[in-house]
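Trainee: Quick one, work28.csv (CSV, C-alpha atoms):
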```csv
chain,number,residue,atom,x,y,z
A,1,MET,CA,-158.3,174.8,72.8
A,2,HIS,CA,-154.6,175.8,73.2
A,3,SER,CA,-153.5,175.7,76.8
A,4,VAL,CA,-151.3,173.7,79.2
A,5,TRP,CA,-154.4,171.7,80.4
A,6,PHE,CA,-155.6,170.9,77.0
A,7,GLY,CA,-152.1,170.0,75.8
A,8,GLU,CA,-151.7,167.5,78.6
A,9,PHE,CA,-155.2,166.2,78.1
A,10,MET,CA,-154.7,165.6,74.3
A,11,GLY,CA,-151.1,164.3,74.7
A,12,THR,CA,-152.1,161.7,77.3
A,13,LEU,CA,-155.2,160.7,75.3
A,14,VAL,CA,-153.0,160.0,72.3
A,15,LEU,CA,-150.5,158.2,74.4
A,16,MET,CA,-153.2,155.9,75.9
A,17,LEU,CA,-155.0,155.4,72.7
A,18,LEU,CA,-151.9,154.1,71.0
A,19,GLY,CA,-150.6,152.3,74.1
A,20,ASN,CA,-153.8,150.5,75.0
A,21,GLY,CA,-154.3,150.0,71.2
A,22,VAL,CA,-151.1,148.0,70.8
A,23,ASN,CA,-151.9,146.0,73.9
A,24,ALA,CA,-155.3,145.2,72.4
A,25,GLY,CA,-153.9,144.4,69.0
A,26,VAL,CA,-151.5,141.9,70.5
A,27,LYS,CA,-153.9,140.3,73.0
A,28,LEU,CA,-157.3,140.2,71.4
A,29,ARG,CA,-158.3,137.3,69.0
A,30,LYS,CA,-158.8,137.9,65.3
A,31,SER,CA,-156.5,141.0,65.4
A,32,TYR,CA,-153.8,141.0,62.7
A,33,ALA,CA,-151.3,141.8,65.4
A,34,ALA,CA,-152.4,138.9,67.7
A,35,ASP,CA,-149.6,137.3,69.6
A,36,GLY,CA,-147.1,139.9,68.3
A,37,GLY,CA,-145.2,139.7,71.6
A,38,TRP,CA,-143.4,141.9,74.0
A,39,LEU,CA,-141.2,143.6,71.4
A,40,VAL,CA,-144.3,144.9,69.5
A,41,ILE,CA,-145.8,146.1,72.8
A,42,THR,CA,-142.7,148.0,73.8
A,43,ILE,CA,-142.3,149.6,70.4
A,44,GLY,CA,-146.0,150.6,70.3
A,45,TRP,CA,-145.7,152.3,73.7
A,46,ALA,CA,-142.5,154.1,72.8
A,47,LEU,CA,-144.1,155.5,69.6
A,48,GLY,CA,-147.2,156.3,71.7
A,49,VAL,CA,-145.0,158.4,73.9
A,50,LEU,CA,-143.4,160.1,70.9
A,51,CYS,CA,-146.8,161.0,69.4
A,52,GLY,CA,-148.3,162.0,72.8
A,53,VAL,CA,-145.4,164.4,73.5
A,54,LEU,CA,-145.7,166.0,70.0
A,55,VAL,CA,-149.5,166.5,70.4
A,56,ALA,CA,-149.1,167.9,73.9
A,57,GLN,CA,-146.6,170.5,72.7
A,58,ALA,CA,-148.7,171.4,69.7
A,59,PHE,CA,-151.8,172.0,71.8
A,60,GLY,CA,-150.1,174.2,74.4
A,61,SER,CA,-148.0,172.2,76.9
A,62,PRO,CA,-144.3,172.7,76.2
A,63,ALA,CA,-143.3,170.4,79.1
A,64,ALA,CA,-145.5,167.6,77.8
A,65,ASN,CA,-145.3,165.6,81.0
A,66,LEU,CA,-148.2,163.2,80.3
A,67,ASN,CA,-147.4,161.6,83.6
A,68,PRO,CA,-148.2,162.7,87.2
A,69,ALA,CA,-144.9,161.3,88.4
A,70,ILE,CA,-143.0,163.5,86.1
A,71,THR,CA,-145.1,166.5,87.1
A,72,LEU,CA,-144.4,165.7,90.8
A,73,SER,CA,-140.7,165.3,90.1
A,74,ALA,CA,-140.5,168.7,88.5
A,75,ALA,CA,-142.4,170.3,91.5
A,76,VAL,CA,-140.1,168.7,94.0
A,77,ASN,CA,-137.1,169.8,91.9
A,78,ASN,CA,-138.2,173.5,91.6
A,79,GLY,CA,-140.3,173.8,94.7
A,80,ASP,CA,-143.5,174.9,92.8
A,81,TYR,CA,-146.5,172.8,93.5
A,82,SER,CA,-149.1,175.2,92.2
A,83,GLN,CA,-149.8,173.4,88.9
A,84,LEU,CA,-150.1,169.9,90.2
A,85,PHE,CA,-153.9,169.8,90.0
A,86,VAL,CA,-153.9,171.3,86.5
A,87,PHE,CA,-151.6,168.7,85.1
A,88,TRP,CA,-152.9,165.7,87.1
A,89,SER,CA,-156.5,166.3,86.2
A,90,ALA,CA,-155.7,166.7,82.5
A,91,GLN,CA,-153.5,163.6,82.5
A,92,LEU,CA,-156.0,161.3,84.3
A,93,LEU,CA,-159.0,162.4,82.2
A,94,GLY,CA,-156.9,162.1,79.0
A,95,ALA,CA,-155.8,158.6,80.0
A,96,MET,CA,-159.5,157.6,80.6
A,97,CYS,CA,-160.6,159.0,77.3
A,98,GLY,CA,-157.8,157.4,75.3
A,99,ALA,CA,-158.5,154.0,76.9
A,100,ALA,CA,-162.2,154.3,76.2
A,101,ILE,CA,-161.5,155.1,72.5
A,102,ALA,CA,-159.1,152.2,72.2
A,103,ALA,CA,-161.7,149.9,73.7
A,104,LEU,CA,-164.3,151.1,71.2
A,105,HIS,CA,-161.9,150.8,68.3
A,106,TYR,CA,-161.5,147.0,69.0
A,107,ALA,CA,-165.2,146.5,69.9
A,108,PRO,CA,-165.9,143.4,67.7
A,109,HIS,CA,-162.9,141.6,69.2
A,110,TRP,CA,-163.8,141.5,72.9
A,111,ARG,CA,-166.4,138.7,72.5
A,112,LEU,CA,-163.9,136.6,70.5
A,113,THR,CA,-161.4,136.6,73.4
A,114,ASP,CA,-162.1,134.3,76.3
A,115,ASP,CA,-159.3,135.3,78.7
A,116,PRO,CA,-160.4,137.9,81.2
A,117,ASP,CA,-156.8,138.5,82.4
A,118,ALA,CA,-155.7,139.3,78.9
A,119,LYS,CA,-158.6,141.8,78.6
A,120,LEU,CA,-157.6,143.5,81.9
A,121,GLY,CA,-153.9,143.6,80.7
A,122,ILE,CA,-154.9,145.7,77.8
A,123,PHE,CA,-156.0,148.5,80.2
A,124,CYS,CA,-153.6,148.3,83.1
A,125,THR,CA,-150.5,146.5,84.6
A,126,ASN,CA,-150.0,143.6,86.9
A,127,ALA,CA,-147.0,141.9,88.4
A,128,ALA,CA,-145.5,138.9,86.6
A,129,VAL,CA,-144.6,137.6,90.0
A,130,ARG,CA,-146.8,138.9,92.8
A,131,ASN,CA,-144.4,140.2,95.4
A,132,PRO,CA,-145.4,143.6,96.8
A,133,LEU,CA,-142.0,144.7,98.0
A,134,ALA,CA,-140.3,143.7,94.7
A,135,ASN,CA,-143.1,145.1,92.6
A,136,ILE,CA,-142.9,148.5,94.5
A,137,PHE,CA,-139.1,148.5,94.0
A,138,SER,CA,-139.5,147.8,90.3
A,139,GLU,CA,-142.0,150.7,89.8
A,140,ILE,CA,-139.8,153.1,91.8
A,141,VAL,CA,-136.7,152.2,89.9
A,142,GLY,CA,-138.4,152.4,86.5
A,143,THR,CA,-139.9,155.8,87.2
A,144,ALA,CA,-136.7,157.2,88.6
A,145,VAL,CA,-134.8,156.1,85.5
A,146,LEU,CA,-137.5,157.8,83.4
A,147,VAL,CA,-137.2,161.1,85.3
A,148,ILE,CA,-133.4,161.1,85.6
A,149,VAL,CA,-132.6,160.2,82.0
A,150,ALA,CA,-135.3,162.6,80.6
A,151,ALA,CA,-133.6,165.3,82.7
A,152,ALA,CA,-130.2,164.3,81.3
A,153,ILE,CA,-131.6,164.5,77.7
A,154,ALA,CA,-132.5,168.1,78.3
A,155,SER,CA,-129.4,169.0,80.4
A,156,ARG,CA,-126.7,171.4,79.4
A,157,GLY,CA,-124.2,168.7,80.1
A,158,VAL,CA,-125.4,166.9,77.1
A,159,SER,CA,-126.0,170.0,74.9
A,160,ALA,CA,-125.5,173.6,75.9
A,161,ASN,CA,-128.8,174.6,74.2
A,162,GLY,CA,-130.7,171.4,74.8
A,163,PRO,CA,-131.7,168.8,72.1
A,164,ALA,CA,-132.1,170.0,68.5
A,165,PRO,CA,-135.7,171.2,67.8
A,166,GLY,CA,-138.0,168.2,67.3
A,167,LEU,CA,-135.4,165.7,68.5
A,168,GLY,CA,-136.4,165.6,72.2
A,169,PRO,CA,-139.6,163.6,71.8
A,170,TRP,CA,-137.8,160.9,69.8
A,171,LEU,CA,-135.2,160.6,72.5
A,172,VAL,CA,-137.9,160.3,75.2
A,173,GLY,CA,-139.7,157.7,73.2
A,174,SER,CA,-136.4,155.8,72.9
A,175,LEU,CA,-136.0,156.1,76.7
A,176,VAL,CA,-139.4,154.6,77.3
A,177,TRP,CA,-138.6,151.8,74.8
A,178,GLY,CA,-135.4,151.0,76.7
A,179,ILE,CA,-137.2,151.0,80.0
A,180,GLY,CA,-139.8,148.6,78.6
A,181,LEU,CA,-137.2,146.2,77.2
A,182,SER,CA,-134.9,146.3,80.2
A,183,LEU,CA,-137.1,146.8,83.3
A,184,GLY,CA,-140.6,146.2,82.1
A,185,GLY,CA,-140.8,142.5,82.4
A,186,THR,CA,-141.5,142.5,86.2
A,187,THR,CA,-144.6,144.7,86.5
A,188,GLY,CA,-145.4,145.8,82.9
A,189,TYR,CA,-143.7,149.2,83.7
A,190,ALA,CA,-146.6,151.4,84.6
A,191,ILE,CA,-144.2,154.2,85.6
A,192,ASN,CA,-147.1,156.5,85.2
A,193,PRO,CA,-150.1,156.7,87.7
A,194,ALA,CA,-152.5,158.1,85.0
A,195,ARG,CA,-151.5,155.4,82.5
A,196,ASP,CA,-152.6,152.7,85.0
A,197,LEU,CA,-155.4,154.2,87.0
A,198,GLY,CA,-157.3,155.9,84.2
A,199,PRO,CA,-157.7,152.8,82.0
A,200,ARG,CA,-158.3,150.6,85.1
A,201,ILE,CA,-161.3,152.9,85.9
A,202,VAL,CA,-162.5,152.6,82.3
A,203,HIS,CA,-162.2,148.8,82.5
A,204,ALA,CA,-164.3,148.8,85.6
A,205,LEU,CA,-167.0,151.0,84.0
A,206,LEU,CA,-167.3,149.7,80.4
A,207,PRO,CA,-169.6,146.7,79.7
A,208,ILE,CA,-166.9,144.6,78.2
A,209,PRO,CA,-168.0,141.0,77.5
A,210,GLY,CA,-166.4,138.5,79.9
A,211,LYS,CA,-164.0,141.1,81.4
A,212,GLY,CA,-163.7,139.8,85.0
A,213,GLY,CA,-162.6,142.0,87.9
A,214,SER,CA,-160.3,145.1,87.7
A,215,ASN,CA,-157.7,143.8,90.2
A,216,TRP,CA,-158.1,146.8,92.6
A,217,SER,CA,-156.0,144.9,95.2
A,218,TYR,CA,-152.9,145.5,93.0
A,219,ALA,CA,-153.9,149.0,91.8
A,220,PRO,CA,-152.2,151.0,94.6
A,221,ILE,CA,-148.7,149.9,93.5
A,222,PRO,CA,-148.8,151.3,89.9
A,223,ALA,CA,-150.9,154.3,91.1
A,224,LEU,CA,-148.8,155.4,94.1
A,225,THR,CA,-145.2,154.0,93.8
A,226,PRO,CA,-144.4,155.9,90.5
A,227,LEU,CA,-145.2,159.1,92.5
A,228,ALA,CA,-142.6,158.0,95.1
A,229,GLY,CA,-140.1,157.2,92.4
A,230,GLY,CA,-140.8,160.6,90.7
A,231,ALA,CA,-140.4,162.5,94.0
A,232,LEU,CA,-137.2,160.7,94.9
A,233,ALA,CA,-135.8,161.4,91.4
A,234,GLY,CA,-136.9,165.1,91.7
A,235,LEU,CA,-135.1,165.4,95.0
A,236,PHE,CA,-132.0,163.8,93.5
A,237,LEU,CA,-132.1,166.3,90.6
A,238,HIS,CA,-132.6,169.2,92.9
A,239,TYR,CA,-129.4,168.5,94.9
A,240,ALA,CA,-127.5,167.4,91.8
A,241,HIS,CA,-128.3,170.7,90.1
A,242,LEU,CA,-128.9,168.9,86.8
```
Please render this file's structure as C-alpha cells.
Mentor:
Amino acid sequence: MHSVWFGEFMGTLVLMLLGNGVNAGVKLRKSYAADGGWLVITIGWALGVLCGVLVAQAFGSPAANLNPAITLSAAVNNGDYSQLFVFWSAQLLGAMCGAAIAALHYAPHWRLTDDPDAKLGIFCTNAAVRNPLANIFSEIVGTAVLVIVAAAIASRGVSANGPAPGLGPWLVGSLVWGIGLSLGGTTGYAINPARDLGPRIVHALLPIPGKGGSNWSYAPIPALTPLAGGALAGLFLHYAHL
C-alpha cells in the first residue's frame, strides 16, 4: 500500500472528498455551511488540493499529479507516455471513491434539498453561460495556467533547489485558489478530467433522492478540454526548457 498508483488513488480520493464535501456543505439544506458562497468553495478546493498532494506523496507518489491533464502535460514535456494508464486509472477511481464518500457523509441532507441542479453541482461542473466555444476556451486556459504556474513553482528560475521541503503543496493549493477566484466563475474550473468525470459517474449511479439527470451533454467539455490545455502547456514547457 505504498506505490505511485496507490498514492495517486489516495490523494485524488482525499481531494474529491474535501472538494465535493465543501460543495455539499454550501449547497445542501440544513448544513451549517449552507449558502457560504463562492469564496468558501474556492478555499475548500484549495485546501483539498493541499491535503490531496500531501497524502499522495505520503503514500508513494512524489509527483502527486491528482489530475490526468497534469499527467499528460508531463508526458508531452518529457516524451514518456508509459505511465499514463497507471496514473489515469488511479486518479479516476480515486475521484469516484472520494465523491461517493462525500455523498454518504451528507446522506440525511439530500432529501431536504429540492433543487436537482444544486445536487448535480456538488459532483461536477457546468457552464454559467452555455457557450461551447467560450466554455472550451475557459477550461483550456485554466488548465494551462495550472500546469505552467505549477512548473514555475518547481523551476530552478524560482529556486535553484526547488521549493523548501513541505512548501510546494501549499503553493500549489494557493495556485488552485487563485484559479478558482480569477478564472473559475465561467465554468466552475474543472481543470481536471478525473475531478469532473469520476463524480459525474457517481452521481449517475447513486440513488440520490430527486437528483435529476447528470448533464452528459456538457460532460465532454470538462472531461476532454483540460487534456488539451495540459497537452498544450506541456508542449510549451518542452520548448521553453522550464
Trainee: Could you please determine the separation between CA of Ala164 (chain A) and CA of Cys51 (chain A) in Å, to one decimal place?
Mentor: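 These two atoms are separated by 17.3 Å.
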Trainee: Smallest atom-to-atom distance to Tyr218 (chain A): which of A:Leu183, A:Ile153, A:Ile136, A:Ala194, using all atoms listed in the file?
Mentor: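 Among the listed residues, the smallest separation from Tyr218 (chain A) belongs to A:Ile136.
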Trainee: Could you tell me which of A:Tyr32, A:Trp110, A:Phe137, A:Trp170 comes closest to Thr186 (chain A) if we count all atoms listed in the file?
Mentor: A:Phe137
Trainee: Between A:Lys119, A:Arg130, A:His105, A:His2, which residue has the minimum interatomic distance to Arg29 (chain A), considering all atoms listed in the file?
Mentor: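 So, comparing all the options, the nearest one is A:Lys119.
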Trainee: Quick one: distance from CA of Gly213 (chain A) to CA of Leu120 (chain A) in Å, one decimal?
Mentor: 8.0 Å
Trainee: Which of these, A:Leu84, A:Ala58, A:Ala95, A:Ala75, has the shortest distance to Leu17 (chain A) once you count all atoms listed in the file?
Mentor: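 Residue with the minimum atom-to-atom distance to Leu17 (chain A): A:Ala95.
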Trainee: Return region 117-128 of chain A, completed with all heavy atoms, as a compact mmCIF listing (two decimals), in the coordinates of the input.
Mentor:
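Saved file result37.txt follows:
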```txt
# COMPACT_ATOMS: atom_id res chain seq x y z
N ASP A 117 -158.09 137.87 82.02
CA ASP A 117 -156.80 138.50 82.40
C ASP A 117 -156.16 139.20 81.24
O ASP A 117 -155.55 140.27 81.41
CB ASP A 117 -155.87 137.43 82.98
CG ASP A 117 -156.33 136.89 84.33
OD1 ASP A 117 -157.05 137.62 85.05
OD2 ASP A 117 -155.98 135.75 84.66
N ALA A 118 -156.27 138.62 80.06
CA ALA A 118 -155.70 139.30 78.90
C ALA A 118 -156.47 140.57 78.60
O ALA A 118 -155.86 141.59 78.24
CB ALA A 118 -155.82 138.34 77.66
N LYS A 119 -157.77 140.57 78.80
CA LYS A 119 -158.60 141.80 78.60
C LYS A 119 -158.16 142.87 79.60
O LYS A 119 -158.01 144.04 79.23
CB LYS A 119 -160.05 141.46 78.72
CG LYS A 119 -160.56 140.56 77.62
CD LYS A 119 -162.02 140.20 77.82
CE LYS A 119 -162.50 139.25 76.74
NZ LYS A 119 -163.91 138.84 76.93
N LEU A 120 -157.99 142.50 80.86
CA LEU A 120 -157.60 143.50 81.90
C LEU A 120 -156.18 144.02 81.54
O LEU A 120 -155.92 145.21 81.69
CB LEU A 120 -157.57 142.84 83.25
CG LEU A 120 -157.09 143.73 84.39
CD1 LEU A 120 -157.95 144.98 84.53
CD2 LEU A 120 -157.06 142.94 85.70
N GLY A 121 -155.28 143.15 81.06
CA GLY A 121 -153.90 143.60 80.70
C GLY A 121 -153.83 144.56 79.61
O GLY A 121 -152.81 145.23 79.44
N ILE A 122 -154.89 144.68 78.82
CA ILE A 122 -154.90 145.70 77.80
C ILE A 122 -155.02 147.09 78.40
O ILE A 122 -154.46 148.05 77.88
CB ILE A 122 -156.12 145.44 76.84
CG1 ILE A 122 -155.86 144.17 76.02
CG2 ILE A 122 -156.39 146.63 75.92
CD1 ILE A 122 -157.07 143.62 75.31
N PHE A 123 -155.70 147.18 79.53
CA PHE A 123 -156.00 148.50 80.20
C PHE A 123 -154.89 148.85 81.20
O PHE A 123 -154.54 150.02 81.31
CB PHE A 123 -157.32 148.44 80.86
CG PHE A 123 -158.47 148.37 79.91
CD1 PHE A 123 -158.94 147.14 79.45
CD2 PHE A 123 -159.09 149.52 79.46
CE1 PHE A 123 -160.00 147.08 78.56
CE2 PHE A 123 -160.15 149.46 78.57
CZ PHE A 123 -160.61 148.24 78.12
N CYS A 124 -154.42 147.90 81.97
CA CYS A 124 -153.60 148.30 83.10
C CYS A 124 -152.55 147.15 83.38
O CYS A 124 -152.57 146.10 82.75
CB CYS A 124 -154.42 148.53 84.34
SG CYS A 124 -155.60 147.22 84.74
N THR A 125 -151.67 147.41 84.32
CA THR A 125 -150.50 146.50 84.60
C THR A 125 -150.82 145.55 85.71
O THR A 125 -151.74 145.70 86.49
CB THR A 125 -149.28 147.32 84.90
OG1 THR A 125 -149.49 148.05 86.13
CG2 THR A 125 -148.95 148.31 83.79
N ASN A 126 -149.95 144.55 85.81
CA ASN A 126 -150.00 143.60 86.90
C ASN A 126 -148.60 143.00 87.04
O ASN A 126 -147.78 143.07 86.11
CB ASN A 126 -151.01 142.47 86.59
CG ASN A 126 -151.32 141.62 87.81
OD1 ASN A 126 -151.02 142.00 88.94
ND2 ASN A 126 -151.91 140.46 87.58
N ALA A 127 -148.32 142.46 88.21
CA ALA A 127 -147.00 141.90 88.40
C ALA A 127 -146.89 140.52 87.77
O ALA A 127 -147.81 139.70 87.84
CB ALA A 127 -146.75 141.74 89.94
N ALA A 128 -145.76 140.25 87.13
CA ALA A 128 -145.50 138.90 86.60
C ALA A 128 -145.36 137.92 87.71
O ALA A 128 -145.83 136.78 87.61
CB ALA A 128 -144.25 138.95 85.71
```
